[in-house]
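K.L.:
Before anything else, here's the structure in question.
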Amino acid sequence: MQSVAILGLLALCEACSSSTNSAQATGGTGPAASGTGGLANNGSTGGTLGGGTGGNVVTGGATGGTGGTGGKTGSASGGAVASTGGESATGGSAPNTGGRMGSGGTPVGTGGGSAGGRTGSGGSPAGTGGTPITGGPSYPYVFSVFNDSAASSDLIIYTSTDGLNFTMLYDTKYTGPTGFLRDPSIMKHTDGKFYVAFTTPPTMACCGNDSSFSIASSSNLKDWTTVTTVPAGVAGVKNTWAPEWFKDKDGSVYALVNVDAKTYRYKAMNDTLTMFSAPTWIGIGPDYIDTFILIVGDTYHAFTKHESATYVEHATSTSLDGPWTFDGKDDWAGWGNHKEAPCVFQVGTGTWRIVFDAGGSGHEMYSDSTDMFKTWTPPKGLPTVGNNISHGTVIKGN
């Protein structure tokens with residue numbers, strides 16, 4: 001039935017002590033430096049990194065040697081050791097007045113990257129600013145999956161720095177309103193929270209009747225709360241499978257859901273993602289499941305499993321509602337059959353990666369394309385995501 005899919009997210013502390021005439025004082029070093037002096041600009045007083053109220057790129061420059069009013073290790077006007085400037089400072093490497101955990105952050109801070117230094121009076125991850133703004137860690141790629149061999153199929157979160165080598169972040173134990181969760185698709189919303197849309201089977205066994213899908217939210221990827229359950233709204237429904245998040249060009253958010261082997265769209269009607277429109281069939285199916293859609297330029301690309309043929313196929317359209325033209329049929333990409341739950345995301349410049357579930361031959365495989373989906377590399381297993389880890393979505397982190 002279901003397995004993996006995709007669409008696109010989010011930094012530490014050192015120690016130092018303070019003294020007016022040592023390697024600290026009012027200057028700074030490294031990413032949290034602040035001061036009147038800087039790396040260089042107009043070339044006056046200042047040193048390599050500077051101290052005081054500015055930072056990396058302000059008015060300081062050449063004439064202070066390595067010291068200056070706020071030099072690398074400081075001295076009165078350009079010496080090698082001590083005085084007004086120092087290696088740390090009001091906003092130094094570790095928590096002094098500011099420091100890495102201070103009141104500002106890498107991109108925001110009290111003073112920004114020009115007249116106020118790299119982090120102003122604060123530091124790297126948290127405080128008033130930070131990376132991210134909310135003070136959490138950085139996850140370049142986030143992968144939501146479920147374990148279809150566990151006693152209860154719960155939500156598991158993996159992260160990666162390269163979109164290939166994934167490490168488990170949390171086995172959340174979240175199982176949704178029925179106690180069984182399958183096919184989680186993850187998205188980071190405009191409110192800063194993560195949301196998963198997922199299948200809500202009535203039992204552990206695949207695949208009993210289910211006539212709805214559910215949505216849960218989390219602010220930290222670990223603790224999840226169900227926010228709504230959405231009825232399929234299709235007469236005679238038997239199976240409601242594999243909802244996938246999709247954001248259109250105008251910012252509209254949809255859940256794309258496979259109801260009895262046809263793909264329907266449900267439009268979010270509020271910003272909290274608790275109300276959705278009635279279903280609209282988008283022209284894919286019958287006999288297709290696990291539909292994943294992304295838009296590149298003005299073209300909609302659908303990757304979807306031809307259920308009876310057991311191949312992942314490719315179709316394009318100029319509209320989310322079709323009509324769709326299948327330009328990749330059967331084993332068009334060389335992936336072989338018995339693949340399902342596709343998810344496609346970009347890694348680097350011009351390279352696209354698909355991950356999908358390979359069933360009994362090994363869950364979670366990947367393949368790359370560098371020519372906009374025309375040709376693909378031979379499929380390989382994801383290096384660190386084991387068998388039985390199934391059907392999820394990879395998104396870009398921060």
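Just so we're on the same page: first chain in the structure tokens is A, next is B, and so on; residues restart at 1 for each chain, and ligands are numbered from 1 in the order they show up.
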Among the residues of range 133-211 of chain A, find those DSSP assigns to strand (DSSP E) from the backbone and print them as a PyMOL selection string.
P.N.:
chain A and resi 141-147+155-160+166-171+182-188+194-199
K.L.:
Mind checking which residues fall within 8 Å of range 310-320 of chain A, counting only C-alpha atoms, ignoring those fewer than 4 positions away in the same chain, and posting them as a ChimeraX atom specification?
P.N.:
/A:282,298-306,324-332,336-340,342
K.L.:
Can you list, as an mmCIF file with C-alpha atoms, in the first residue's frame, every protein, DNA or RNA residue that comes within 7 Å of Ser390 in chain A when you count only C-alpha atoms, leaving out same-chain residues fewer than 2 positions away?
P.N.:
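Written output follows (around-v6.cif):
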data_model
loop_
_atom_site.group_PDB
_atom_site.id
_atom_site.type_symbol
_atom_site.label_atom_id
_atom_site.label_comp_id
_atom_site.auth_asym_id
_atom_site.auth_seq_id
_atom_site.Cartn_x
_atom_site.Cartn_y
_atom_site.Cartn_z
ATOM 1 C CA SER A 3 5.599 3.876 1.792
ATOM 2 C CA VAL A 4 7.835 7.205 1.211
ATOM 3 C CA VAL A 145 8.490 7.767 8.321
ATOM 4 C CA PHE A 146 6.730 4.966 10.162
ATOM 5 C CA ASN A 147 7.857 1.487 11.131
ATOM 6 C CA ASP A 148 5.492 -1.042 9.611
ATOM 7 C CA ASP A 357 9.642 2.211 -0.756
ATOM 8 C CA HIS A 363 12.686 -0.346 2.180
ATOM 9 C CA GLU A 364 13.688 3.201 1.329
ATOM 10 C CA ASN A 388 10.691 -1.775 7.614
ATOM 11 C CA GLY A 392 7.346 9.115 4.493
#
K.L.:
Between A:Met275, A:Ile395, A:Ile157, A:Ala333, which one has atoms that come closest to Asp368 in chain A, using only C-alpha atoms?
P.N.:
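Ranking A:Met275, A:Ile395, A:Ile157, A:Ala333 by distance to Asp368 in chain A, first place goes to A:Ala333.
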K.L.:
A:Leu169, A:Pro184, A:Ser149, A:Ala216: which is nearest Met204 in chain A, counting only C-alpha atoms?
P.N.:
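Nearest candidate to Met204 in chain A out of A:Leu169, A:Pro184, A:Ser149, A:Ala216: A:Ser149.
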K.L.:
Name the closest residue to Thr167 in chain A among the candidates A:Ser277, A:Ser308, A:Thr393, A:Thr384; distances are taken between atoms, counting only C-alpha atoms.
P.N.:
A:Thr384
K.L.:
Using only C-alpha atoms, determine which residues lie at most 10 Å from Thr272 in chain A, disregarding the query and same-chain residues fewer than 6 positions distant; provide the list as a short mmCIF file (atom, residue, chain, number, x, y, z; two decimals) with N, CA and C atoms, in the first residue's frame.
P.N.:
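part_29.cif, written as the output of this step:
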data_model
loop_
_atom_site.label_atom_id
_atom_site.label_comp_id
_atom_site.auth_asym_id
_atom_site.auth_seq_id
_atom_site.Cartn_x
_atom_site.Cartn_y
_atom_site.Cartn_z
N HIS A 189 5.04 24.75 8.43
CA HIS A 189 4.03 25.73 8.06
C HIS A 189 4.51 27.15 8.37
N THR A 190 3.74 28.12 7.94
CA THR A 190 4.10 29.52 8.13
C THR A 190 4.09 29.94 9.60
N ASP A 191 3.46 29.17 10.49
CA ASP A 191 3.45 29.49 11.91
C ASP A 191 4.70 28.97 12.63
N LYS A 193 5.53 25.85 13.00
CA LYS A 193 5.33 24.48 13.48
C LYS A 193 5.45 23.48 12.33
N TYR A 195 3.89 20.01 10.65
CA TYR A 195 2.62 19.30 10.55
C TYR A 195 2.82 18.01 9.78
N SER A 217 0.39 18.23 14.81
CA SER A 217 1.38 19.31 14.78
C SER A 217 2.39 19.15 15.91
N VAL A 227 -4.51 17.52 15.53
CA VAL A 227 -5.26 18.77 15.41
C VAL A 227 -6.59 18.58 14.70
N THR A 228 -6.70 17.57 13.84
CA THR A 228 -7.98 17.32 13.18
C THR A 228 -7.96 15.96 12.50
#
K.L.:
Counting only C-alpha atoms, what is within 10 Å of Val394 in chain A, bar same-chain residues fewer than 2 positions away, as a compact mmCIF listing (two decimals) with C-alpha atoms, in the first residue's frame?
P.N.:
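Okay, out_34.txt is ready:
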# COMPACT_ATOMS: atom_id res chain seq x y z
CA VAL A 4 7.83 7.20 1.21
CA ALA A 5 7.33 10.74 -0.22
CA ILE A 6 8.76 14.43 -0.21
CA LEU A 7 8.55 18.27 -0.52
CA GLY A 8 11.27 21.54 2.11
CA TYR A 141 16.71 17.74 5.85
CA VAL A 142 13.87 16.18 7.85
CA PHE A 143 12.43 12.74 7.01
CA SER A 144 9.12 11.54 8.49
CA VAL A 145 8.49 7.77 8.32
CA ILE A 157 11.72 11.42 12.56
CA TYR A 158 15.11 11.22 10.83
CA THR A 159 17.41 14.12 9.96
CA SER A 160 20.31 14.57 7.55
CA GLY A 163 19.68 14.35 2.06
CA SER A 185 3.88 13.45 5.12
CA ILE A 186 5.65 16.32 6.90
CA MET A 187 5.60 20.06 6.23
CA CYS A 343 8.95 11.59 -2.81
CA VAL A 344 11.11 14.00 -4.84
CA PHE A 345 13.29 16.82 -3.51
CA ILE A 354 13.62 10.51 -5.38
CA VAL A 355 13.13 8.21 -2.41
CA GLY A 392 7.35 9.11 4.49
CA LYS A 396 14.32 20.77 3.27
CA GLY A 397 15.15 22.06 6.72
K.L.:
Env of range 212-215 of chain A: 6 Å cut, atoms = only C-alpha atoms, seq-sep filter 4 positions within chain, self excluded. Answer as number ranges by chain.
P.N.:
A: 196-200, 226-232, 240
K.L.:
Keeping only N, CA and C atoms, take the residues you just selected and write them out as a CSV table (one decimal), in the first residue's frame.
P.N.:
chain,number,residue,atom,x,y,z
A,196,VAL,N,2.2,16.9,10.2
A,196,VAL,CA,2.2,15.7,9.5
A,196,VAL,C,0.7,15.4,9.1
A,197,ALA,N,0.5,15.0,7.9
A,197,ALA,CA,-0.8,14.4,7.5
A,197,ALA,C,-0.5,12.9,7.3
A,198,PHE,N,-1.4,12.0,7.7
A,198,PHE,CA,-1.1,10.6,7.7
A,198,PHE,C,-2.4,9.8,7.6
A,199,THR,N,-2.2,8.5,7.2
A,199,THR,CA,-3.3,7.5,7.1
A,199,THR,C,-3.6,7.1,8.5
A,200,THR,N,-4.9,6.9,8.8
A,200,THR,CA,-5.4,6.4,10.1
A,200,THR,C,-6.1,5.1,10.0
A,226,THR,N,-2.7,15.7,17.8
A,226,THR,CA,-3.6,15.6,16.7
A,226,THR,C,-4.4,16.9,16.7
A,227,VAL,N,-4.5,17.5,15.5
A,227,VAL,CA,-5.3,18.8,15.4
A,227,VAL,C,-6.6,18.6,14.7
A,228,THR,N,-6.7,17.6,13.8
A,228,THR,CA,-8.0,17.3,13.2
A,228,THR,C,-8.0,16.0,12.5
A,229,THR,N,-9.2,15.4,12.3
A,229,THR,CA,-9.4,14.3,11.4
A,229,THR,C,-10.3,14.7,10.3
A,230,VAL,N,-10.0,14.4,9.1
A,230,VAL,CA,-10.7,14.9,7.9
A,230,VAL,C,-11.4,13.7,7.3
A,231,PRO,N,-12.7,13.7,7.2
A,231,PRO,CA,-13.4,12.6,6.5
A,231,PRO,C,-13.2,12.7,5.0
A,232,ALA,N,-13.1,11.5,4.4
A,232,ALA,CA,-12.8,11.4,2.9
A,232,ALA,C,-13.9,12.2,2.1
A,240,THR,N,-8.7,5.3,2.4
A,240,THR,CA,-8.2,6.7,2.3
A,240,THR,C,-6.7,6.6,2.7
K.L.:
Could you work out how far CA of Asp210 in chain A lies from CA of Asp321 in chain A, giving the answer in Å with one decimal?
P.N.:
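Going from CA of Asp321 in chain A over to CA of Asp210 in chain A, I get 24.5 Å.
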K.L.:
Enter the distance from CA of Thr370 in chain A to CA of Asn258 in chain A, in Å, rounded to one decimal.
P.N.:
28.9 Å
K.L.:
Just give me the gap between CA of Pro243 in chain A and CA of Thr172 in chain A in Å, one decimal is fine.
P.N.:
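About the pair CA of Pro243 in chain A and CA of Thr172 in chain A: they are 19.6 Å apart.
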